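Novice: Below you'll find my_file-v6.csv; it's CSV, C-alpha atoms and all ligand atoms.
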chain,number,residue,atom,x,y,z
A,1,MET,CA,-4.1,27.4,-9.8
A,2,ALA,CA,-1.1,26.1,-8.0
A,3,TYR,CA,-1.9,23.0,-5.9
A,4,LYS,CA,-0.7,22.9,-2.3
A,5,LEU,CA,-0.1,19.3,-1.3
A,6,GLY,CA,2.0,17.5,1.3
A,7,LEU,CA,2.6,14.7,3.6
A,8,ILE,CA,2.3,14.3,7.4
A,9,GLY,CA,4.0,11.6,9.5
A,10,HIS,CA,7.1,10.8,11.4
A,11,PRO,CA,9.8,10.1,10.3
A,12,ILE,CA,9.3,11.3,6.7
A,13,GLU,CA,12.6,12.9,5.7
A,14,HIS,CA,13.4,10.0,3.4
A,15,SER,CA,9.9,9.8,1.9
A,16,LEU,CA,9.7,9.3,-1.9
A,17,SER,CA,6.3,10.9,-2.1
A,18,PRO,CA,7.6,14.5,-2.9
A,19,TRP,CA,9.6,13.0,-5.9
A,20,ILE,CA,6.6,10.9,-7.1
A,21,HIS,CA,4.1,13.8,-6.9
A,22,GLN,CA,6.6,16.1,-8.6
A,23,GLN,CA,6.8,13.6,-11.5
A,24,PHE,CA,3.0,13.5,-11.7
A,25,MET,CA,2.8,17.3,-11.7
A,26,ASP,CA,5.4,17.5,-14.5
A,27,VAL,CA,3.7,14.8,-16.6
A,28,ALA,CA,0.2,16.4,-16.1
A,29,ASN,CA,1.7,19.9,-16.6
A,30,ILE,CA,0.1,20.9,-13.3
A,31,ASP,CA,1.6,23.7,-11.1
A,32,GLY,CA,2.0,22.9,-7.4
A,33,GLU,CA,4.1,21.9,-4.4
A,34,TYR,CA,4.2,18.8,-2.3
A,35,LYS,CA,5.8,19.6,1.1
A,36,LEU,CA,6.8,17.5,4.1
A,37,TYR,CA,5.1,18.4,7.4
A,38,GLU,CA,7.2,16.4,9.8
A,39,GLY,CA,6.1,16.1,13.5
A,40,ASP,CA,6.0,13.5,16.2
A,41,HIS,CA,2.9,12.6,18.1
A,42,ALA,CA,3.0,15.6,20.5
A,43,LYS,CA,3.2,17.9,17.5
A,44,LEU,CA,0.1,16.6,15.6
A,45,PRO,CA,-2.4,19.4,16.6
A,46,GLU,CA,0.3,22.0,15.7
A,47,VAL,CA,0.9,20.3,12.3
A,48,ILE,CA,-2.9,20.2,11.6
A,49,GLN,CA,-3.2,23.9,12.4
A,50,GLN,CA,-0.3,24.6,10.0
A,51,LEU,CA,-2.1,22.7,7.2
A,52,ARG,CA,-5.3,24.6,7.9
A,53,ASP,CA,-3.5,28.0,8.0
A,54,HIS,CA,-1.8,27.1,4.7
A,55,ARG,CA,-5.2,26.2,3.2
A,56,ILE,CA,-3.7,22.9,1.9
A,57,ASP,CA,-5.6,21.4,-1.0
A,58,GLY,CA,-4.8,17.8,0.0
A,59,PHE,CA,-2.2,15.7,1.9
A,60,ASN,CA,-1.1,12.2,2.5
A,61,VAL,CA,-0.9,10.7,5.9
A,62,THR,CA,1.6,8.1,7.0
A,63,VAL,CA,2.9,6.4,10.2
A,64,PRO,CA,2.1,7.1,13.0
A,65,TYR,CA,-1.0,9.2,12.1
A,66,LYS,CA,-3.1,7.0,9.8
A,67,GLN,CA,-5.6,6.2,12.6
A,68,VAL,CA,-5.4,9.4,14.8
A,69,ILE,CA,-6.0,11.7,11.8
A,70,ILE,CA,-9.6,10.5,11.8
A,71,ASP,CA,-10.3,12.8,14.7
A,72,TYR,CA,-9.7,15.7,12.4
A,73,ILE,CA,-11.6,14.4,9.3
A,74,ASP,CA,-15.1,15.6,8.4
A,75,GLU,CA,-16.1,12.7,6.1
A,76,LEU,CA,-14.7,9.3,5.5
A,77,ASP,CA,-15.0,7.2,2.3
A,78,PRO,CA,-16.1,3.5,2.8
A,79,ALA,CA,-12.6,2.1,2.6
A,80,ALA,CA,-11.2,4.5,5.2
A,81,LYS,CA,-14.3,3.9,7.4
A,82,ALA,CA,-14.0,0.1,7.2
A,83,LEU,CA,-10.3,0.1,7.8
A,84,GLY,CA,-10.2,2.8,10.5
A,85,ALA,CA,-7.3,4.4,8.7
A,86,VAL,CA,-6.7,7.3,6.3
A,87,ASN,CA,-3.8,7.9,4.0
A,88,THR,CA,-5.2,10.6,1.8
A,89,VAL,CA,-7.1,13.8,2.7
A,90,VAL,CA,-8.8,16.1,0.3
A,91,ASN,CA,-9.7,19.6,1.3
A,92,GLN,CA,-13.0,20.5,-0.3
A,93,ASN,CA,-13.8,24.1,0.5
A,94,GLY,CA,-12.7,23.6,4.1
A,95,THR,CA,-14.3,20.2,4.5
A,96,TRP,CA,-11.6,17.5,5.0
A,97,LYS,CA,-12.5,14.2,3.3
A,98,GLY,CA,-10.5,11.1,4.3
A,99,TYR,CA,-9.6,8.2,1.9
A,100,SER,CA,-7.6,5.0,2.0
A,101,THR,CA,-5.9,4.4,-1.3
A,102,ASP,CA,-3.3,1.8,-0.3
A,103,GLY,CA,-5.4,-1.4,-1.0
A,104,GLU,CA,-6.9,-0.1,-4.2
A,105,GLY,CA,-3.4,1.2,-5.3
A,106,TYR,CA,-2.1,-2.3,-4.7
A,107,VAL,CA,-4.7,-3.9,-6.8
A,108,ARG,CA,-4.2,-1.3,-9.6
A,109,SER,CA,-0.4,-2.0,-9.6
A,110,MET,CA,-1.1,-5.7,-9.9
A,111,LYS,CA,-3.6,-5.3,-12.7
A,112,GLU,CA,-1.2,-3.1,-14.6
A,113,GLN,CA,1.6,-5.7,-14.5
A,114,PHE,CA,-0.6,-8.9,-14.7
A,115,PRO,CA,-3.8,-7.8,-16.5
A,116,SER,CA,-5.4,-11.3,-16.6
A,117,LEU,CA,-4.5,-12.4,-13.1
A,118,LEU,CA,-7.6,-11.4,-11.1
A,119,ASN,CA,-10.8,-13.1,-11.9
A,120,GLU,CA,-13.5,-15.3,-10.2
A,121,ALA,CA,-11.2,-18.3,-10.4
A,122,SER,CA,-8.1,-16.7,-8.7
A,123,SER,CA,-6.8,-17.7,-5.3
A,124,VAL,CA,-4.8,-15.3,-3.3
A,125,LEU,CA,-2.8,-15.7,-0.1
A,126,ILE,CA,-2.0,-12.8,2.1
A,127,LEU,CA,1.0,-13.1,4.5
A,128,GLY,CA,0.5,-10.8,7.5
A,129,ALA,CA,-2.4,-9.1,9.2
A,130,GLY,CA,-1.3,-5.6,10.1
A,131,GLY,CA,-2.5,-2.3,8.7
A,132,ALA,CA,-1.1,-2.9,5.2
A,133,ALA,CA,-2.7,-6.4,5.0
A,134,ARG,CA,-6.1,-5.0,6.1
A,135,GLY,CA,-6.1,-2.5,3.2
A,136,ILE,CA,-5.0,-5.1,0.7
A,137,TYR,CA,-7.5,-7.7,2.0
A,138,ARG,CA,-10.4,-5.3,1.7
A,139,ALA,CA,-9.4,-4.3,-1.8
A,140,PHE,CA,-9.3,-8.0,-2.9
A,141,ILE,CA,-12.7,-8.7,-1.3
A,142,GLN,CA,-14.1,-6.1,-3.7
A,143,GLN,CA,-12.5,-7.8,-6.7
A,144,ASN,CA,-14.7,-11.0,-6.5
A,145,VAL,CA,-11.8,-13.4,-6.6
A,146,LYS,CA,-12.5,-17.0,-5.6
A,147,ARG,CA,-10.5,-17.2,-2.4
A,148,ILE,CA,-8.4,-14.9,-0.2
A,149,ASP,CA,-6.7,-16.7,2.6
A,150,ILE,CA,-4.7,-15.0,5.4
A,151,ALA,CA,-1.6,-16.5,7.1
A,152,ASN,CA,-0.2,-14.7,10.1
A,153,ARG,CA,2.1,-15.3,13.1
A,154,SER,CA,-0.7,-14.3,15.4
A,155,GLU,CA,-3.9,-16.1,14.6
A,156,GLN,CA,-6.0,-13.7,16.6
A,157,ARG,CA,-4.8,-10.7,14.5
A,158,ALA,CA,-5.6,-12.6,11.3
A,159,ASN,CA,-9.1,-13.4,12.5
A,160,GLY,CA,-9.6,-9.6,13.0
A,161,LEU,CA,-9.4,-9.2,9.2
A,162,LEU,CA,-12.3,-11.4,8.6
A,163,GLU,CA,-14.8,-8.7,9.8
A,164,LEU,CA,-14.0,-7.0,6.4
A,165,ARG,CA,-15.6,-9.8,4.3
A,166,GLN,CA,-19.2,-10.6,3.8
A,167,ASP,CA,-19.0,-14.1,2.4
A,168,PRO,CA,-17.6,-16.4,5.1
A,169,THR,CA,-16.5,-19.0,2.6
A,170,VAL,CA,-14.0,-16.7,0.8
A,171,SER,CA,-11.3,-16.8,3.5
A,172,THR,CA,-9.5,-19.3,5.7
A,173,VAL,CA,-7.0,-18.2,8.4
A,174,LEU,CA,-3.9,-20.3,8.3
A,175,THR,CA,-0.7,-20.6,10.3
A,176,LEU,CA,2.5,-19.7,8.5
A,177,GLN,CA,3.4,-23.4,8.5
A,178,GLN,CA,0.1,-24.4,7.0
A,179,ALA,CA,0.5,-21.7,4.3
A,180,GLU,CA,4.0,-23.1,3.5
A,181,SER,CA,2.7,-26.6,2.9
A,182,GLN,CA,-0.2,-25.5,0.6
A,183,LEU,CA,1.6,-22.7,-1.4
A,184,ASN,CA,0.9,-24.5,-4.7
A,185,GLU,CA,-2.8,-23.7,-4.3
A,186,TYR,CA,-2.4,-20.0,-5.0
A,187,ASP,CA,-2.2,-17.8,-8.1
A,188,LEU,CA,-0.9,-14.9,-6.0
A,189,ILE,CA,1.0,-14.7,-2.7
A,190,ILE,CA,1.4,-11.3,-1.1
A,191,GLN,CA,3.9,-10.6,1.6
A,192,THR,CA,2.7,-7.6,3.7
A,193,THR,CA,4.9,-7.7,6.8
A,194,SER,CA,8.1,-5.9,7.6
A,195,VAL,CA,10.1,-9.2,7.4
A,196,GLY,CA,12.8,-8.8,4.8
A,197,MET,CA,13.1,-5.0,5.3
A,198,LYS,CA,16.5,-4.8,7.0
A,199,PRO,CA,19.4,-4.1,4.8
A,200,ASN,CA,21.3,-7.2,3.6
A,201,THR,CA,19.0,-9.5,5.4
A,202,ASP,CA,18.1,-13.0,4.1
A,203,GLU,CA,15.1,-13.2,6.3
A,204,GLN,CA,12.0,-14.7,4.7
A,205,ILE,CA,8.6,-15.0,6.3
A,206,ILE,CA,8.0,-18.5,4.8
A,207,ARG,CA,9.9,-21.1,2.8
A,208,LEU,CA,8.9,-21.5,-0.8
A,209,ASP,CA,9.5,-25.2,-1.3
A,210,HIS,CA,5.9,-25.9,-2.4
A,211,LEU,CA,5.7,-22.9,-4.7
A,212,HIS,CA,4.1,-23.5,-8.1
A,213,PRO,CA,6.2,-21.8,-10.8
A,214,ASP,CA,3.0,-20.2,-12.3
A,215,THR,CA,2.4,-18.4,-9.0
A,216,ILE,CA,3.1,-14.7,-8.8
A,217,VAL,CA,4.9,-13.7,-5.6
A,218,SER,CA,4.5,-10.1,-4.4
A,219,ASP,CA,6.3,-8.3,-1.6
A,220,ILE,CA,5.2,-4.8,-0.4
A,221,VAL,CA,8.6,-4.2,1.1
A,222,TYR,CA,10.5,-2.0,-1.4
A,223,GLN,CA,13.7,-1.4,0.5
A,224,PRO,CA,15.5,-3.6,-0.6
A,225,ILE,CA,13.8,-3.6,-4.0
A,226,THR,CA,14.2,-7.4,-4.4
A,227,THR,CA,13.7,-9.0,-1.0
A,228,ALA,CA,15.1,-12.5,-0.1
A,229,LEU,CA,11.6,-13.8,-0.7
A,230,LEU,CA,11.3,-12.3,-4.2
A,231,LYS,CA,14.8,-13.5,-5.0
A,232,ASP,CA,13.9,-17.0,-3.9
A,233,ALA,CA,10.6,-17.0,-5.9
A,234,LYS,CA,12.4,-15.8,-9.0
A,235,GLN,CA,15.0,-18.6,-8.7
A,236,ARG,CA,12.2,-21.1,-8.6
A,237,GLY,CA,10.8,-19.7,-11.8
A,238,ALA,CA,7.9,-17.7,-10.4
A,239,LYS,CA,6.9,-14.2,-11.5
A,240,ILE,CA,7.4,-11.4,-9.1
A,241,HIS,CA,5.8,-8.1,-8.2
A,242,HIS,CA,7.7,-5.4,-6.4
A,243,GLY,CA,6.5,-3.2,-3.5
A,244,HIS,CA,7.4,0.1,-5.1
A,245,ALA,CA,4.7,-0.4,-7.7
A,246,MET,CA,2.1,-0.2,-4.9
A,247,LEU,CA,3.7,3.0,-3.6
A,248,LEU,CA,3.3,4.5,-7.0
A,249,TYR,CA,-0.3,3.5,-7.6
A,250,GLN,CA,-1.5,4.6,-4.2
A,251,ALA,CA,0.0,8.0,-5.0
A,252,GLN,CA,-1.7,7.9,-8.4
A,253,LEU,CA,-5.1,7.5,-6.8
A,254,ALA,CA,-4.4,10.3,-4.3
A,255,PHE,CA,-3.3,12.6,-7.1
A,256,GLU,CA,-6.5,11.8,-9.0
A,257,LYS,CA,-8.6,12.7,-5.9
A,258,TRP,CA,-6.7,16.0,-5.4
A,259,THR,CA,-6.5,17.2,-9.0
A,260,GLY,CA,-9.1,15.2,-10.9
A,261,THR,CA,-6.3,14.1,-13.3
A,262,ASN,CA,-6.1,10.4,-14.1
A,263,LEU,CA,-2.5,9.8,-15.1
A,264,ASP,CA,-0.9,6.9,-16.8
A,265,VAL,CA,2.0,6.3,-14.5
A,266,GLY,CA,3.3,2.9,-15.8
A,267,HIS,CA,6.5,4.5,-17.2
A,268,LEU,CA,7.4,5.7,-13.7
A,269,VAL,CA,7.7,2.2,-12.2
A,270,ASP,CA,11.2,1.6,-13.6
A,271,GLU,CA,12.2,5.2,-12.9
A,272,LEU,CA,11.2,4.8,-9.3
A,273,GLU,CA,13.1,1.6,-9.1
A,274,ARG,CA,16.2,3.4,-10.3
A,275,LYS,CA,15.7,6.2,-7.8
A,276,LEU,CA,15.4,3.6,-5.0
A,277,ARG,CA,18.6,1.9,-6.1
A,278,GLY,CA,20.3,5.3,-5.9
A,279,GLU,CA,21.1,5.4,-9.6
A,301,LIG,P1,1.8,-2.5,9.1
A,301,LIG,O1,0.7,-1.5,9.6
A,301,LIG,O2,2.9,-1.8,8.3
A,301,LIG,O3,1.2,-3.6,8.2
A,301,LIG,P2,1.9,-3.7,11.6
A,301,LIG,O4,0.5,-3.3,11.9
A,301,LIG,O5,2.9,-3.5,12.7
A,301,LIG,O6,2.5,-3.1,10.3
A,301,LIG,O7,1.9,-5.3,11.2
A,301,LIG,C1,3.0,-6.1,11.2
A,301,LIG,C2,2.7,-7.4,10.6
A,301,LIG,O8,4.0,-8.1,10.4
A,301,LIG,C3,1.9,-8.4,11.4
A,301,LIG,O9,1.2,-9.3,10.6
A,301,LIG,C4,3.0,-9.1,12.2
A,301,LIG,O10,2.6,-10.4,12.7
A,301,LIG,P3,1.8,-10.5,14.2
A,301,LIG,O11,0.4,-10.0,13.9
A,301,LIG,O12,1.9,-11.9,14.5
A,301,LIG,O13,2.6,-9.6,15.1
A,301,LIG,C5,4.0,-9.3,11.1
A,301,LIG,N1,5.3,-9.5,11.6
A,301,LIG,C6,6.2,-8.6,12.1
A,301,LIG,N2,7.4,-9.2,12.4
A,301,LIG,C7,7.2,-10.6,12.1
A,301,LIG,C8,8.1,-11.7,12.1
A,301,LIG,N3,9.4,-11.6,12.6
A,301,LIG,N4,7.6,-12.9,11.7
A,301,LIG,C9,6.3,-13.0,11.3
A,301,LIG,N5,5.5,-12.0,11.2
A,301,LIG,C10,5.9,-10.8,11.6
Take the structure in this file and express it as structure tokens.
Specialist:
Amino acid sequence: MAYKLGLIGHPIEHSLSPWIHQQFMDVANIDGEYKLYEGDHAKLPEVIQQLRDHRIDGFNVTVPYKQVIIDYIDELDPAAKALGAVNTVVNQNGTWKGYSTDGEGYVRSMKEQFPSLLNEASSVLILGAGGAARGIYRAFIQQNVKRIDIANRSEQRANGLLELRQDPTVSTVLTLQQAESQLNEYDLIIQTTSVGMKPNTDEQIIRLDHLHPDTIVSDIVYQPITTALLKDAKQRGAKIHHGHAMLLYQAQLAFEKWTGTNLDVGHLVDELERKLRGE
């Protein structure tokens, strides 16, 4: 059976997902297609109809549809429900099931690169409180780490993430300045905002003067591959984790849900990096 897969969003013409899923299909020896279904807000009902007519087996959802797609979904998994966002849809005999694989994909990518990092003694700092931060925060809550603090420009938005945790002692909301001054308290620092995404920018969300060299610094921005924050962290002797690894592992989880195939994708991290560098 040839799988019919795809992506909806806007704009998506530069998406790496078709390349990633083609690699997965090649490795798994699975026949199928992964097509782009581009459309702005006004076109969403039309795009949805196209997917139904095409009897799509599954699709990814990206900006700006991650929330509004829920109106078209029959069942939500606990992560998608808690986050109010869906990035993966599985068509099970006409029933559309919605999942959110970003946060879990992030945690997987981290465990692959740093297998002993996450345990009940680990302290994590999340910078930012947008949609990406929410998914990652929830996934870490499920990992039973010691502490997951959140620092954001808007305190109110950071407080909004706290509804996702049960144990009130696990998280403190900080200003970005407070985070800067206590950076040496964390094993892992995760940058989840768009700061650093512009080409050739040296913009950094926080200064790293208090960074401990044993800390891992992660940035979910993958264009550029090595953001100013990661460059700075590296120069200070810290270990770094790149955003394209998250991209790959959220896709791995989606592929698993569509095809039932659990793929080892570690070898594709470097290949994806070369692709992003245009090599
Ligand atoms: P996404 O869904 O991709 O995470 P988003 O929901 O627009 O994106 O969230 C953007 C995040 O980046 C927020 O945490 C935002 O901070 P505020 O909540 O204070 O707006 C953060 N952000 C964006 N630009 C920023 C900047 N120049 N400095 C600091 N934080 C910034």
Novice: At a cut-off of 7 Å and counting only C-alpha atoms and all ligand atoms, what residues surround ligand LIG 301 (chain A)? Please answer as a list in words.
Specialist: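 Using only C-alpha atoms and all ligand atoms, I find these residues within 7 Å of ligand LIG 301 (chain A): Gly128, Ala129, Gly130, Gly131, Ala132, Ala133, Asn152, Arg153, Ser154, Arg157, Thr192, Thr193, Ser194, Val195 and Ile205 of chain A.
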Novice: Give me the residues within 6 Å of segment 38-43 of chain A as number ranges by chain, counting all atoms listed in the file and dropping any in the same chain fewer than 4 places off.
Specialist: A: 8-10
Novice: Determine the nearest neighbour of Asp264 of chain A from the options A:Lys81, A:Ala28, A:Leu51, A:Ser17, counting only C-alpha atoms.
Specialist: A:Ala28
Novice: For atom CA of Leu127 of chain A and atom CA of Ile150 of chain A, determine how far apart the two atoms are, in Å to one decimal place.
Specialist: 6.1 Å
Novice: Considering all atoms listed in the file, return as a VMD selection string whatever protein or nucleic-acid residues lie within 12 Å of Tyr137 of chain A, sequence-local ones (same chain, fewer than 6 positions apart) excluded.
Specialist: chain A and resid 79 82 to 83 102 to 104 106 to 107 124 to 131 143 to 145 147 to 151 158 160 to 165 170 to 171 189 to 192
Novice: Work out how far atom CA of Ile220 of chain A is from atom CA of His242 of chain A, in Å to one decimal.
Specialist: 6.5 Å
Novice: Return the single residue from A:Lys198, A:Lys35, A:Lys4, A:Arg138 that is closest to Leu16 of chain A, with distances computed using all atoms listed in the file.
Specialist: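 Residue with the minimum atom-to-atom distance to Leu16 of chain A: A:Lys35.
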Novice: Using only C-alpha atoms, which residues of segment 141-254 of chain A come within 10 Å of segment 19-23 of chain A, and what is the closest atom pair for each, with the distance in Å to one decimal? Give it as a tab-separated table, sorted by chain and residue number.
Specialist:
residue	atom	partner	partner_atom	distance
A:Leu247	CA	A:Ile20	CA	9.1
A:Leu248	CA	A:Ile20	CA	7.2
A:Ala251	CA	A:His21	CA	7.4
A:Gln252	CA	A:His21	CA	8.4
A:Ala254	CA	A:His21	CA	9.6
Novice: May I ask for the distance between atom CA of Phe59 of chain A and atom CA of Thr88 of chain A, given in Å to one decimal place?
Specialist: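 That distance, rounded to one decimal, is 5.9 Å.
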Novice: Using all atoms listed in the file, find the one residue out of A:Phe140, A:Gly196, A:Gln166, A:Thr261 that sits nearest to Lys111 of chain A.
Specialist: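 Once distances to Lys111 of chain A are computed over all atoms listed in the file, the minimum belongs to A:Phe140.
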Novice: With distances taken over all atoms listed in the file, which residue among A:Asp202, A:Asp167, A:Asp219, A:Asp214 lies nearest Leu183 of chain A?
Specialist: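 Of A:Asp202, A:Asp167, A:Asp219, A:Asp214, the one nearest Leu183 of chain A, counting all atoms listed in the file, is A:Asp214.
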Novice: Using all atoms listed in the file, give me every residue within 7 Å of (-10.7, -14.8, -9.3) in file coordinates, as a list in words.
Specialist: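 Residues satisfying the cut-off, written out: Leu118, Asn119, Glu120, Ala121, Ser122, Ser123, Asn144, Val145 and Lys146 of chain A.
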Novice: Will you give me segment 114-139 of chain A, written with N, CA and C atoms and laid out as a PDB file, in the first residue's frame?
Specialist:
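Contents of selection-v1.pdb, as written:
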ATOM      1  N   PHE A 114      22.230  13.227  24.311  1.00  0.00           N
ATOM      2  CA  PHE A 114      22.767  13.246  25.686  1.00  0.00           C
ATOM      3  C   PHE A 114      21.994  12.245  26.537  1.00  0.00           C
ATOM      4  N   PRO A 115      22.281  10.951  26.401  1.00  0.00           N
ATOM      5  CA  PRO A 115      21.455   9.922  27.028  1.00  0.00           C
ATOM      6  C   PRO A 115      21.363  10.012  28.551  1.00  0.00           C
ATOM      7  N   SER A 116      22.389  10.549  29.211  1.00  0.00           N
ATOM      8  CA  SER A 116      22.325  10.542  30.674  1.00  0.00           C
ATOM      9  C   SER A 116      21.878  11.884  31.254  1.00  0.00           C
ATOM     10  N   LEU A 117      21.450  12.790  30.392  1.00  0.00           N
ATOM     11  CA  LEU A 117      21.130  14.141  30.883  1.00  0.00           C
ATOM     12  C   LEU A 117      19.891  14.199  31.773  1.00  0.00           C
ATOM     13  N   LEU A 118      18.815  13.539  31.343  1.00  0.00           N
ATOM     14  CA  LEU A 118      17.538  13.764  32.010  1.00  0.00           C
ATOM     15  C   LEU A 118      17.283  12.748  33.113  1.00  0.00           C
ATOM     16  N   ASN A 119      17.251  13.222  34.341  1.00  0.00           N
ATOM     17  CA  ASN A 119      16.914  12.351  35.474  1.00  0.00           C
ATOM     18  C   ASN A 119      16.299  13.210  36.576  1.00  0.00           C
ATOM     19  N   GLU A 120      16.015  12.570  37.696  1.00  0.00           N
ATOM     20  CA  GLU A 120      15.265  13.298  38.746  1.00  0.00           C
ATOM     21  C   GLU A 120      16.085  14.404  39.421  1.00  0.00           C
ATOM     22  N   ALA A 121      17.380  14.497  39.033  1.00  0.00           N
ATOM     23  CA  ALA A 121      18.205  15.570  39.605  1.00  0.00           C
ATOM     24  C   ALA A 121      18.404  16.729  38.623  1.00  0.00           C
ATOM     25  N   SER A 122      17.877  16.606  37.399  1.00  0.00           N
ATOM     26  CA  SER A 122      18.168  17.629  36.377  1.00  0.00           C
ATOM     27  C   SER A 122      17.336  18.895  36.552  1.00  0.00           C
ATOM     28  N   SER A 123      17.995  20.015  36.275  1.00  0.00           N
ATOM     29  CA  SER A 123      17.300  21.309  36.284  1.00  0.00           C
ATOM     30  C   SER A 123      17.337  21.892  34.871  1.00  0.00           C
ATOM     31  N   VAL A 124      16.153  22.308  34.427  1.00  0.00           N
ATOM     32  CA  VAL A 124      16.003  22.773  33.043  1.00  0.00           C
ATOM     33  C   VAL A 124      15.468  24.209  33.062  1.00  0.00           C
ATOM     34  N   LEU A 125      15.955  25.034  32.149  1.00  0.00           N
ATOM     35  CA  LEU A 125      15.430  26.392  32.001  1.00  0.00           C
ATOM     36  C   LEU A 125      14.908  26.550  30.577  1.00  0.00           C
ATOM     37  N   ILE A 126      13.654  26.966  30.474  1.00  0.00           N
ATOM     38  CA  ILE A 126      13.072  27.230  29.155  1.00  0.00           C
ATOM     39  C   ILE A 126      13.000  28.745  28.960  1.00  0.00           C
ATOM     40  N   LEU A 127      13.545  29.213  27.854  1.00  0.00           N
ATOM     41  CA  LEU A 127      13.470  30.638  27.511  1.00  0.00           C
ATOM     42  C   LEU A 127      12.358  30.808  26.483  1.00  0.00           C
ATOM     43  N   GLY A 128      11.314  31.567  26.850  1.00  0.00           N
ATOM     44  CA  GLY A 128      10.180  31.761  25.951  1.00  0.00           C
ATOM     45  C   GLY A 128       8.947  31.061  26.490  1.00  0.00           C
ATOM     46  N   ALA A 129       7.763  31.486  25.998  1.00  0.00           N
ATOM     47  CA  ALA A 129       6.516  30.911  26.503  1.00  0.00           C
ATOM     48  C   ALA A 129       5.459  30.828  25.403  1.00  0.00           C
ATOM     49  N   GLY A 130       5.901  30.745  24.153  1.00  0.00           N
ATOM     50  CA  GLY A 130       4.972  30.634  23.028  1.00  0.00           C
ATOM     51  C   GLY A 130       4.550  29.175  22.822  1.00  0.00           C
ATOM     52  N   GLY A 131       4.003  28.893  21.647  1.00  0.00           N
ATOM     53  CA  GLY A 131       3.506  27.552  21.354  1.00  0.00           C
ATOM     54  C   GLY A 131       4.587  26.487  21.470  1.00  0.00           C
ATOM     55  N   ALA A 132       5.766  26.774  20.956  1.00  0.00           N
ATOM     56  CA  ALA A 132       6.849  25.782  20.998  1.00  0.00           C
ATOM     57  C   ALA A 132       7.257  25.515  22.444  1.00  0.00           C
ATOM     58  N   ALA A 133       7.341  26.581  23.242  1.00  0.00           N
ATOM     59  CA  ALA A 133       7.715  26.427  24.649  1.00  0.00           C
ATOM     60  C   ALA A 133       6.685  25.582  25.394  1.00  0.00           C
ATOM     61  N   ARG A 134       5.419  25.789  25.103  1.00  0.00           N
ATOM     62  CA  ARG A 134       4.357  25.018  25.777  1.00  0.00           C
ATOM     63  C   ARG A 134       4.541  23.514  25.560  1.00  0.00           C
ATOM     64  N   GLY A 135       4.772  23.130  24.294  1.00  0.00           N
ATOM     65  CA  GLY A 135       4.938  21.714  23.959  1.00  0.00           C
ATOM     66  C   GLY A 135       6.148  21.117  24.663  1.00  0.00           C
ATOM     67  N   ILE A 136       7.231  21.866  24.668  1.00  0.00           N
ATOM     68  CA  ILE A 136       8.469  21.371  25.281  1.00  0.00           C
ATOM     69  C   ILE A 136       8.302  21.315  26.805  1.00  0.00           C
ATOM     70  N   TYR A 137       7.667  22.322  27.364  1.00  0.00           N
ATOM     71  CA  TYR A 137       7.447  22.348  28.819  1.00  0.00           C
ATOM     72  C   TYR A 137       6.631  21.119  29.243  1.00  0.00           C
ATOM     73  N   ARG A 138       5.553  20.856  28.526  1.00  0.00           N
ATOM     74  CA  ARG A 138       4.706  19.713  28.892  1.00  0.00           C
ATOM     75  C   ARG A 138       5.475  18.398  28.796  1.00  0.00           C
ATOM     76  N   ALA A 139       6.286  18.272  27.762  1.00  0.00           N
ATOM     77  CA  ALA A 139       7.049  17.026  27.583  1.00  0.00           C
ATOM     78  C   ALA A 139       8.051  16.841  28.734  1.00  0.00           C
TER      79      ALA A 139
END
